[in-house]
$ cat data22.txt   # compact mmCIF, C-alpha atoms
# COMPACT_ATOMS: atom_id res chain seq x y z
CA MET B 8 -42.59 -5.28 -12.82
CA LYS B 9 -40.18 -2.56 -11.66
CA ILE B 10 -40.51 -1.46 -8.05
CA ARG B 11 -39.11 1.86 -6.84
CA LEU B 12 -38.09 2.01 -3.19
CA ILE B 13 -38.83 5.38 -1.57
CA GLY B 14 -37.19 5.33 1.84
CA LEU B 15 -39.00 2.05 2.51
CA VAL B 16 -38.70 -1.56 1.48
CA ALA B 17 -41.09 -2.78 -1.18
CA ILE B 18 -42.05 -6.45 -1.20
CA THR B 19 -43.87 -8.18 -4.01
CA LEU B 20 -46.52 -10.58 -2.76
CA SER B 21 -48.78 -12.29 -5.29
CA GLY B 22 -47.75 -9.74 -7.90
CA ALA B 23 -48.59 -6.73 -5.73
CA ALA B 24 -46.08 -4.30 -4.24
CA GLN B 25 -46.59 -3.65 -0.55
CA ALA B 26 -44.53 -1.01 1.28
CA SER B 27 -43.37 -1.67 4.82
CA PRO B 28 -43.44 1.31 7.20
CA VAL B 29 -40.63 -0.20 9.28
CA PHE B 30 -37.69 1.47 7.50
CA GLU B 31 -37.55 5.27 7.20
CA GLY B 32 -34.89 7.01 5.12
CA ARG B 33 -32.43 9.45 6.67
CA SER B 34 -30.11 11.82 4.81
CA SER B 35 -26.41 12.28 5.52
CA ASN B 36 -27.16 15.09 8.00
CA GLY B 37 -29.57 12.82 9.88
CA ALA B 38 -32.72 14.54 8.67
CA ILE B 39 -35.85 12.53 7.86
CA ASP B 40 -35.98 11.90 4.11
CA LEU B 41 -38.84 9.71 2.89
CA THR B 42 -37.95 10.35 -0.77
CA CYS B 43 -34.38 9.01 -0.69
CA THR B 44 -33.74 5.47 -1.88
CA ALA B 45 -31.40 2.67 -0.87
CA HIS B 46 -29.37 2.91 -4.08
CA GLY B 47 -30.23 6.41 -5.24
CA ASP B 48 -31.57 7.60 -8.58
CA ALA B 49 -28.73 7.86 -11.09
CA GLY B 50 -26.30 8.31 -8.20
CA THR B 51 -28.33 10.96 -6.38
CA ASN B 52 -30.91 11.01 -3.59
CA MET B 53 -29.37 8.02 -1.84
CA CYS B 54 -30.27 7.37 1.79
CA ALA B 55 -27.32 7.52 4.17
CA MET B 56 -29.12 5.36 6.74
CA PHE B 57 -32.49 3.96 7.74
CA TYR B 58 -34.40 4.25 10.98
CA HIS B 59 -35.99 0.94 12.03
CA ARG B 60 -39.18 1.89 13.84
CA ASN B 61 -39.79 -1.43 15.61
CA LEU B 62 -36.25 -1.78 16.95
CA ASP B 63 -35.71 1.97 17.52
CA ILE B 64 -32.27 1.85 15.92
CA THR B 65 -30.62 3.60 12.98
CA ILE B 66 -28.96 1.30 10.42
CA LEU B 67 -26.20 2.56 8.15
CA ASN B 68 -27.32 2.10 4.54
CA ASN B 69 -23.85 1.02 3.38
CA TRP B 70 -23.37 -2.69 4.13
CA SER B 71 -19.93 -2.75 2.52
CA ILE B 72 -17.81 -0.80 5.00
CA GLY B 73 -15.31 -3.64 5.32
CA ALA B 74 -14.44 -6.73 7.34
CA ALA B 75 -12.54 -7.23 10.59
CA PRO B 76 -12.14 -9.67 13.50
CA TRP B 77 -14.72 -9.45 16.30
CA ASP B 78 -13.98 -6.77 18.90
CA GLY B 79 -11.72 -7.74 21.80
CA TYR B 80 -10.14 -10.91 20.43
CA SER B 81 -7.65 -9.64 17.92
CA PRO B 82 -4.24 -7.97 18.25
CA SER B 83 -5.29 -5.72 15.38
CA THR B 84 -6.39 -2.19 16.28
CA THR B 85 -9.11 -2.48 13.64
CA THR B 86 -11.92 -4.70 14.87
CA ALA B 87 -15.55 -5.12 13.83
CA GLN B 88 -16.63 -2.74 16.59
CA THR B 89 -14.11 0.01 15.77
CA LEU B 90 -14.93 -0.35 12.06
CA ALA B 91 -18.65 0.12 12.77
CA GLU B 92 -17.97 3.10 15.05
CA ALA B 93 -15.71 4.78 12.48
CA ALA B 94 -18.16 4.28 9.60
CA GLY B 95 -21.15 5.53 11.58
CA SER B 96 -19.28 8.52 13.01
CA SER B 97 -17.98 9.45 9.57
CA ALA B 98 -21.50 9.35 8.12
CA THR B 99 -23.21 11.33 10.88
CA GLY B 100 -20.66 12.96 13.18
CA LEU B 101 -22.26 11.05 16.05
CA THR B 102 -20.62 8.44 18.28
CA GLY B 103 -22.27 5.36 19.75
CA TRP B 104 -22.31 3.14 16.65
CA GLY B 105 -21.82 -0.60 16.95
CA LEU B 106 -22.87 -4.01 15.65
CA PRO B 107 -26.45 -5.34 15.54
CA THR B 108 -27.38 -7.91 18.19
CA GLY B 109 -27.75 -11.46 16.91
CA ASP B 110 -28.47 -14.03 19.63
CA ALA B 111 -29.78 -16.93 17.54
CA THR B 112 -31.46 -18.43 20.61
CA GLU B 113 -33.72 -15.36 20.88
CA PRO B 114 -36.68 -14.36 18.68
CA ALA B 115 -36.63 -11.25 16.52
CA GLY B 116 -36.37 -8.17 18.70
CA ALA B 117 -33.92 -6.24 20.85
CA LEU B 118 -31.67 -9.27 21.48
CA ASN B 119 -31.76 -10.44 17.87
CA GLN B 120 -31.82 -7.37 15.67
CA PHE B 121 -30.42 -9.24 12.68
CA LYS B 122 -33.44 -11.56 12.75
CA SER B 123 -35.79 -8.57 12.87
CA ILE B 124 -34.07 -6.87 9.94
CA TRP B 125 -34.17 -10.11 7.94
CA ASN B 126 -37.88 -10.64 8.62
CA ASP B 127 -38.80 -7.03 7.92
CA VAL B 128 -37.16 -6.92 4.50
CA GLY B 129 -39.08 -10.02 3.40
CA ALA B 130 -36.66 -12.80 4.45
CA SER B 131 -34.68 -13.08 1.23
CA PHE B 132 -31.30 -11.92 -0.06
CA SER B 133 -32.87 -10.06 -2.99
CA PHE B 134 -35.09 -8.00 -0.67
CA LEU B 135 -32.19 -7.34 1.72
CA GLU B 136 -30.08 -6.20 -1.23
CA ALA B 137 -32.95 -3.96 -2.39
CA GLN B 138 -33.35 -2.33 1.04
CA PHE B 139 -29.65 -1.57 1.67
CA ALA B 140 -26.67 -0.62 -0.48
CA GLY B 141 -23.59 -2.81 -0.79
CA VAL B 142 -25.01 -5.95 0.85
CA ARG B 143 -22.21 -8.47 0.53
CA ASN B 144 -22.58 -11.79 -1.22
CA ALA B 145 -20.20 -14.76 -1.20
CA PRO B 146 -17.47 -14.96 -0.07
CA PHE B 147 -17.98 -11.89 2.17
CA ASP B 148 -21.63 -12.57 3.05
CA PHE B 149 -21.04 -13.35 6.75
CA TYR B 150 -21.61 -10.41 9.13
CA TRP B 151 -20.62 -10.13 12.77
CA SER B 152 -23.23 -9.42 15.44
CA SER B 153 -22.42 -7.89 18.83
CA THR B 154 -23.44 -11.06 20.69
CA ILE B 155 -20.94 -13.43 22.35
CA GLN B 156 -21.83 -17.13 22.35
CA PRO B 157 -22.70 -17.97 25.99
CA GLY B 158 -20.03 -20.13 27.60
CA PHE B 159 -17.63 -19.55 24.68
CA PRO B 160 -15.94 -16.14 25.10
CA GLY B 161 -13.80 -16.74 22.02
CA ARG B 162 -16.82 -17.09 19.74
CA ALA B 163 -19.56 -14.68 18.64
CA TYR B 164 -22.76 -14.90 16.62
CA GLY B 165 -22.84 -13.98 12.97
CA PHE B 166 -25.42 -13.52 10.23
CA TYR B 167 -25.48 -14.96 6.71
CA THR B 168 -27.08 -12.73 4.07
CA GLY B 169 -27.77 -15.59 1.67
CA ASP B 170 -30.64 -17.11 3.66
CA GLY B 171 -30.73 -15.28 7.00
CA ARG B 172 -29.03 -18.11 8.84
CA GLN B 173 -27.32 -17.27 12.14
CA PHE B 174 -24.21 -19.05 13.36
CA THR B 175 -21.23 -18.74 15.68
CA ASP B 176 -17.63 -18.36 14.60
CA ALA B 177 -14.19 -17.86 16.11
CA ALA B 178 -13.77 -14.22 17.04
CA TYR B 179 -10.42 -13.89 15.30
CA TYR B 180 -11.97 -14.37 11.85
CA ALA B 181 -12.48 -11.25 9.75
CA LEU B 182 -16.18 -11.06 8.85
CA SER B 183 -18.18 -8.25 7.26
CA VAL B 184 -19.53 -5.33 9.29
CA VAL B 185 -22.70 -3.23 9.30
CA ALA B 186 -23.17 -0.33 11.72
CA VAL B 187 -26.22 0.46 13.87
CA ARG B 188 -26.93 3.08 16.52
CA PRO B 189 -29.59 3.15 19.26
CA GLY B 190 -32.46 5.53 18.60
CA ASP B 191 -33.19 7.81 15.67
CA VAL B 192 -30.35 10.00 14.39
CA ALA B 193 -32.96 12.52 13.26
CA GLN B 194 -33.58 13.25 16.95
CA ALA B 195 -29.88 13.22 17.85
CA VAL B 196 -28.49 15.60 15.20
CA PRO B 197 -29.36 19.25 16.01
CA GLU B 198 -30.83 21.25 13.12
CA PRO B 199 -28.96 24.41 11.95
CA GLN B 200 -31.42 26.68 13.74
CA THR B 201 -30.71 24.78 16.96
CA TYR B 202 -27.01 25.54 16.61
CA ALA B 203 -27.86 29.21 16.01
CA LEU B 204 -30.00 29.37 19.16
CA MET B 205 -27.26 27.67 21.17
CA LEU B 206 -24.74 30.24 19.91
CA VAL B 207 -27.03 33.14 20.83
CA GLY B 208 -27.53 31.61 24.27
CA LEU B 209 -23.79 31.28 24.85
CA CYS B 210 -23.22 34.88 23.77
CA LEU B 211 -25.90 36.12 26.18
CA MET B 212 -24.39 34.07 29.01
CA GLY B 213 -21.02 35.64 28.24
CA LEU B 214 -22.46 39.15 28.37
CA VAL B 215 -24.21 38.47 31.69
CA THR B 216 -21.02 37.02 33.20
CA ARG B 217 -19.00 40.02 32.02
CA ARG B 218 -21.56 42.44 33.48
CA ASP B 219 -21.52 40.64 36.84
CA LYS B 220 -17.73 40.81 36.95
CA LYS B 221 -17.83 44.57 36.31
CA LYS B 222 -20.33 45.05 39.14
CA GLN B 223 -18.12 43.11 41.54
CA SER B 224 -14.95 45.05 40.63
$ encode --input "data22.txt" --output "structure tokens"
Amino acid sequence: MKIRLIGLVAITLSGAAQASPVFEGRSSNGAIDLTCTAHGDAGTNMCAMFYHRNLDITILNNWSIGAAPWDGYSPSTTTAQTLAEAAGSSATGLTGWGLPTGDATEPAGALNQFKSIWNDVGASFSFLEAQFAGVRNAPFDFYWSSTIQPGFPGRAYGFYTGDGRQFTDAAYYALSVVAVRPGDVAQAVPEPQTYALMLVGLCLMGLVTRRDKKKQS
């Protein structure tokens, strides 16, 4: 049975397709797009990112933006954090992108976003690969989280796409990166009409300021 993903993840349970409302598609300009898909249709209508309703974060659709050492423990200027920031900023024009949290001692939620994502796609590699584009498999299937291992500042938690396992690794290793951003980009990216109104407002402020200056002279 062929399942088409429309801005959401479809999971087959007992032969039936059930859509999860957790993931909402977003276009490259940040607009809500519930018709885009993770991989696109014949190369078109591909989601740029997904909003995760439960976590209130936006997840970059592309899970193949590269690999780098964990932020802060490498002499390289390219780290997992800077790679995530660059990829997210390039896709949306917004700053504030980073790595998902991944504290393996915590349940799914704000402190363990990787666990939430894994559970909400159906807890399998095939469903994760169906929900996002470019999900890496061996040997690049280990992804950095943003979480340091308590008591071990030179180690951070990671996530394994093969079975959802979470682990810690030395921060100088180059692992794969996925970018997330707090909140919904659809609320952060102004629409064109908003820019137009802002421009009109600035022009009016300029006219008022000029008029006041003439009165004072």
$ residues_around --input "data22.txt" --residues "B:Gly141" --least-positions-apart "2" --cutoff "10 Å" --atoms "all atoms listed in the file" --output "count of residues only"
13
$ axis_aligned_box --input "data22.txt" --around "stretch 42-46 of chain B" --padding-each-side "6 Å" --output "JSON"
{"center_x": -33.7, "center_y": 6.5, "center_z": -2.4, "size_x": 20.6, "size_y": 19.7, "size_z": 15.4}
$ atom_distance --input "data22.txt" --atom1 "atom CA of B:Leu62" --atom2 "atom CA of B:Arg33"
15.7 Å
$ closest_residue --input "data22.txt" --among "B:Ala130, B:Val142, B:Ile66, B:Ala91" --to "B:Asp191" --atoms "all atoms listed in the file"
B:Ile66
$ residues_around --input "data22.txt" --residues "B:Arg188" --least-positions-apart "5" --cutoff "7 Å" --atoms "all atoms listed in the file" --output "ChimeraX atom specification"
/B:64-66,103-105
$ atom_distance --input "data22.txt" --atom1 "atom CA of B:Ala74" --atom2 "atom CA of B:Pro114"
26.1 Å
$ atom_distance --input "data22.txt" --atom1 "atom CA of B:Trp151" --atom2 "atom CA of B:Asn52"
28.6 Å
$ residues_around --input "data22.txt" --residues "B:Gln156" --least-positions-apart "4" --cutoff "12 Å" --atoms "all atoms listed in the file" --output "ChimeraX atom specification"
/B:108-112,151-152,160-165,173-178
$ residues_around --input "data22.txt" --residues "B:Glu31" --least-positions-apart "3" --cutoff "12 Å" --atoms "all atoms listed in the file" --output "ChimeraX atom specification"
/B:12-16,26-28,34,37-45,54-61,63-68,138-139,191-193
$ decode --input "data22.txt" --residues "stretch 17-155 of chain B" --atoms "C-alpha atoms" --output "PDB file, in the first residue's frame"
ATOM      1  CA  ALA B  17       1.594   8.721   8.083  1.00  0.00           C
ATOM      2  CA  ILE B  18       1.958   5.542  10.114  1.00  0.00           C
ATOM      3  CA  THR B  19       0.594   2.180   9.088  1.00  0.00           C
ATOM      4  CA  LEU B  20      -0.953   0.304  11.992  1.00  0.00           C
ATOM      5  CA  SER B  21      -2.708  -2.998  11.307  1.00  0.00           C
ATOM      6  CA  GLY B  22      -2.849  -2.137   7.622  1.00  0.00           C
ATOM      7  CA  ALA B  23      -4.473   1.264   8.176  1.00  0.00           C
ATOM      8  CA  ALA B  24      -2.820   4.635   7.574  1.00  0.00           C
ATOM      9  CA  GLN B  25      -3.197   7.044  10.458  1.00  0.00           C
ATOM     10  CA  ALA B  26      -2.011  10.663  10.160  1.00  0.00           C
ATOM     11  CA  SER B  27      -0.376  12.343  13.131  1.00  0.00           C
ATOM     12  CA  PRO B  28      -1.248  16.019  13.663  1.00  0.00           C
ATOM     13  CA  VAL B  29       2.083  16.627  15.415  1.00  0.00           C
ATOM     14  CA  PHE B  30       4.096  17.699  12.355  1.00  0.00           C
ATOM     15  CA  GLU B  31       2.901  20.620  10.206  1.00  0.00           C
ATOM     16  CA  GLY B  32       4.608  21.510   6.931  1.00  0.00           C
ATOM     17  CA  ARG B  33       6.218  24.910   6.392  1.00  0.00           C
ATOM     18  CA  SER B  34       7.407  26.360   3.078  1.00  0.00           C
ATOM     19  CA  SER B  35      10.776  28.005   2.495  1.00  0.00           C
ATOM     20  CA  ASN B  36       9.336  31.434   3.374  1.00  0.00           C
ATOM     21  CA  GLY B  37       8.020  30.062   6.677  1.00  0.00           C
ATOM     22  CA  ALA B  38       4.381  30.017   5.646  1.00  0.00           C
ATOM     23  CA  ILE B  39       2.069  27.205   6.757  1.00  0.00           C
ATOM     24  CA  ASP B  40       1.824  24.622   3.977  1.00  0.00           C
ATOM     25  CA  LEU B  41      -0.205  21.508   4.775  1.00  0.00           C
ATOM     26  CA  THR B  42       0.075  20.241   1.189  1.00  0.00           C
ATOM     27  CA  CYS B  43       3.878  20.068   0.983  1.00  0.00           C
ATOM     28  CA  THR B  44       5.581  16.729   1.558  1.00  0.00           C
ATOM     29  CA  ALA B  45       8.825  15.604   3.161  1.00  0.00           C
ATOM     30  CA  HIS B  46      10.349  14.525  -0.153  1.00  0.00           C
ATOM     31  CA  GLY B  47       8.240  16.500  -2.609  1.00  0.00           C
ATOM     32  CA  ASP B  48       6.284  15.301  -5.619  1.00  0.00           C
ATOM     33  CA  ALA B  49       8.623  14.823  -8.571  1.00  0.00           C
ATOM     34  CA  GLY B  50      11.003  17.348  -7.022  1.00  0.00           C
ATOM     35  CA  THR B  51       8.363  19.986  -6.278  1.00  0.00           C
ATOM     36  CA  ASN B  52       6.186  20.923  -3.310  1.00  0.00           C
ATOM     37  CA  MET B  53       8.805  19.856  -0.794  1.00  0.00           C
ATOM     38  CA  CYS B  54       8.505  21.096   2.789  1.00  0.00           C
ATOM     39  CA  ALA B  55      11.429  23.230   3.927  1.00  0.00           C
ATOM     40  CA  MET B  56      10.718  22.467   7.592  1.00  0.00           C
ATOM     41  CA  PHE B  57       8.130  21.075   9.985  1.00  0.00           C
ATOM     42  CA  TYR B  58       6.534  22.619  13.037  1.00  0.00           C
ATOM     43  CA  HIS B  59       6.282  20.158  15.938  1.00  0.00           C
ATOM     44  CA  ARG B  60       3.134  21.139  17.805  1.00  0.00           C
ATOM     45  CA  ASN B  61       3.851  19.298  21.064  1.00  0.00           C
ATOM     46  CA  LEU B  62       7.406  20.607  21.437  1.00  0.00           C
ATOM     47  CA  ASP B  63       6.680  24.047  19.937  1.00  0.00           C
ATOM     48  CA  ILE B  64       9.799  23.910  17.767  1.00  0.00           C
ATOM     49  CA  THR B  65      10.472  24.101  14.042  1.00  0.00           C
ATOM     50  CA  ILE B  66      12.583  21.265  12.606  1.00  0.00           C
ATOM     51  CA  LEU B  67      14.531  21.697   9.378  1.00  0.00           C
ATOM     52  CA  ASN B  68      13.320  19.087   6.891  1.00  0.00           C
ATOM     53  CA  ASN B  69      16.825  18.427   5.558  1.00  0.00           C
ATOM     54  CA  TRP B  70      18.615  15.972   7.875  1.00  0.00           C
ATOM     55  CA  SER B  71      21.706  15.875   5.671  1.00  0.00           C
ATOM     56  CA  ILE B  72      23.244  19.309   6.232  1.00  0.00           C
ATOM     57  CA  GLY B  73      26.584  17.804   7.244  1.00  0.00           C
ATOM     58  CA  ALA B  74      28.638  16.636  10.207  1.00  0.00           C
ATOM     59  CA  ALA B  75      30.875  18.470  12.670  1.00  0.00           C
ATOM     60  CA  PRO B  76      32.347  18.207  16.181  1.00  0.00           C
ATOM     61  CA  TRP B  77      30.113  19.286  19.070  1.00  0.00           C
ATOM     62  CA  ASP B  78      30.125  23.037  19.737  1.00  0.00           C
ATOM     63  CA  GLY B  79      32.829  24.385  22.037  1.00  0.00           C
ATOM     64  CA  TYR B  80      35.264  21.474  22.038  1.00  0.00           C
ATOM     65  CA  SER B  81      36.937  21.727  18.685  1.00  0.00           C
ATOM     66  CA  PRO B  82      39.580  24.065  17.266  1.00  0.00           C
ATOM     67  CA  SER B  83      37.574  24.054  14.042  1.00  0.00           C
ATOM     68  CA  THR B  84      35.417  27.112  13.348  1.00  0.00           C
ATOM     69  CA  THR B  85      32.731  24.776  12.000  1.00  0.00           C
ATOM     70  CA  THR B  86      30.976  22.990  14.835  1.00  0.00           C
ATOM     71  CA  ALA B  87      27.630  21.206  15.111  1.00  0.00           C
ATOM     72  CA  GLN B  88      26.055  24.366  16.528  1.00  0.00           C
ATOM     73  CA  THR B  89      27.399  26.726  13.843  1.00  0.00           C
ATOM     74  CA  LEU B  90      26.419  24.219  11.144  1.00  0.00           C
ATOM     75  CA  ALA B  91      22.845  24.083  12.473  1.00  0.00           C
ATOM     76  CA  GLU B  92      22.663  27.885  12.737  1.00  0.00           C
ATOM     77  CA  ALA B  93      23.974  28.374   9.188  1.00  0.00           C
ATOM     78  CA  ALA B  94      21.597  25.809   7.667  1.00  0.00           C
ATOM     79  CA  GLY B  95      18.547  27.173   9.477  1.00  0.00           C
ATOM     80  CA  SER B  96      19.404  30.800   8.723  1.00  0.00           C
ATOM     81  CA  SER B  97      19.989  29.980   5.062  1.00  0.00           C
ATOM     82  CA  ALA B  98      16.599  28.260   4.822  1.00  0.00           C
ATOM     83  CA  THR B  99      14.569  30.944   6.588  1.00  0.00           C
ATOM     84  CA  GLY B 100      16.599  34.124   7.043  1.00  0.00           C
ATOM     85  CA  LEU B 101      16.023  33.773  10.787  1.00  0.00           C
ATOM     86  CA  THR B 102      18.642  33.295  13.489  1.00  0.00           C
ATOM     87  CA  GLY B 103      18.294  31.233  16.654  1.00  0.00           C
ATOM     88  CA  TRP B 104      18.737  27.748  15.166  1.00  0.00           C
ATOM     89  CA  GLY B 105      20.503  25.028  17.125  1.00  0.00           C
ATOM     90  CA  LEU B 106      20.567  21.334  17.982  1.00  0.00           C
ATOM     91  CA  PRO B 107      17.670  19.338  19.471  1.00  0.00           C
ATOM     92  CA  THR B 108      17.914  18.506  23.170  1.00  0.00           C
ATOM     93  CA  GLY B 109      18.665  14.871  23.941  1.00  0.00           C
ATOM     94  CA  ASP B 110      19.116  14.120  27.644  1.00  0.00           C
ATOM     95  CA  ALA B 111      18.696  10.338  27.671  1.00  0.00           C
ATOM     96  CA  THR B 112      17.911  10.406  31.398  1.00  0.00           C
ATOM     97  CA  GLU B 113      14.772  12.466  30.699  1.00  0.00           C
ATOM     98  CA  PRO B 114      11.465  11.354  29.143  1.00  0.00           C
ATOM     99  CA  ALA B 115      10.250  12.680  25.812  1.00  0.00           C
ATOM    100  CA  GLY B 116       9.636  16.401  26.053  1.00  0.00           C
ATOM    101  CA  ALA B 117      11.469  19.716  26.265  1.00  0.00           C
ATOM    102  CA  LEU B 118      14.664  18.171  27.689  1.00  0.00           C
ATOM    103  CA  ASN B 119      14.654  15.240  25.280  1.00  0.00           C
ATOM    104  CA  GLN B 120      13.351  16.491  21.954  1.00  0.00           C
ATOM    105  CA  PHE B 121      15.034  13.696  20.026  1.00  0.00           C
ATOM    106  CA  LYS B 122      13.009  11.143  22.002  1.00  0.00           C
ATOM    107  CA  SER B 123       9.795  13.040  21.248  1.00  0.00           C
ATOM    108  CA  ILE B 124      10.565  13.211  17.525  1.00  0.00           C
ATOM    109  CA  TRP B 125      11.398   9.504  17.472  1.00  0.00           C
ATOM    110  CA  ASN B 126       8.173   8.547  19.258  1.00  0.00           C
ATOM    111  CA  ASP B 127       6.006  10.844  17.154  1.00  0.00           C
ATOM    112  CA  VAL B 128       7.201   9.454  13.820  1.00  0.00           C
ATOM    113  CA  GLY B 129       6.367   5.906  14.923  1.00  0.00           C
ATOM    114  CA  ALA B 130       9.675   4.832  16.529  1.00  0.00           C
ATOM    115  CA  SER B 131      11.333   3.325  13.471  1.00  0.00           C
ATOM    116  CA  PHE B 132      13.978   4.369  10.952  1.00  0.00           C
ATOM    117  CA  SER B 133      11.618   3.877   8.011  1.00  0.00           C
ATOM    118  CA  PHE B 134       9.044   6.264   9.508  1.00  0.00           C
ATOM    119  CA  LEU B 135      11.742   8.797  10.427  1.00  0.00           C
ATOM    120  CA  GLU B 136      13.056   8.615   6.864  1.00  0.00           C
ATOM    121  CA  ALA B 137       9.506   9.086   5.544  1.00  0.00           C
ATOM    122  CA  GLN B 138       8.879  12.168   7.711  1.00  0.00           C
ATOM    123  CA  PHE B 139      12.135  14.009   6.904  1.00  0.00           C
ATOM    124  CA  ALA B 140      14.403  14.316   3.875  1.00  0.00           C
ATOM    125  CA  GLY B 141      18.009  13.132   3.889  1.00  0.00           C
ATOM    126  CA  VAL B 142      17.899  11.166   7.160  1.00  0.00           C
ATOM    127  CA  ARG B 143      21.353   9.655   7.405  1.00  0.00           C
ATOM    128  CA  ASN B 144      21.988   5.944   7.671  1.00  0.00           C
ATOM    129  CA  ALA B 145      25.232   4.143   8.521  1.00  0.00           C
ATOM    130  CA  PRO B 146      27.958   5.253   8.851  1.00  0.00           C
ATOM    131  CA  PHE B 147      26.628   8.819   9.349  1.00  0.00           C
ATOM    132  CA  ASP B 148      23.527   7.874  11.359  1.00  0.00           C
ATOM    133  CA  PHE B 149      24.681   9.419  14.663  1.00  0.00           C
ATOM    134  CA  TYR B 150      23.358  12.935  15.359  1.00  0.00           C
ATOM    135  CA  TRP B 151      24.511  15.395  17.996  1.00  0.00           C
ATOM    136  CA  SER B 152      22.061  16.788  20.546  1.00  0.00           C
ATOM    137  CA  SER B 153      22.601  20.062  22.411  1.00  0.00           C
ATOM    138  CA  THR B 154      22.905  18.294  25.779  1.00  0.00           C
ATOM    139  CA  ILE B 155      26.193  17.900  27.667  1.00  0.00           C
TER     140      ILE B 155
END
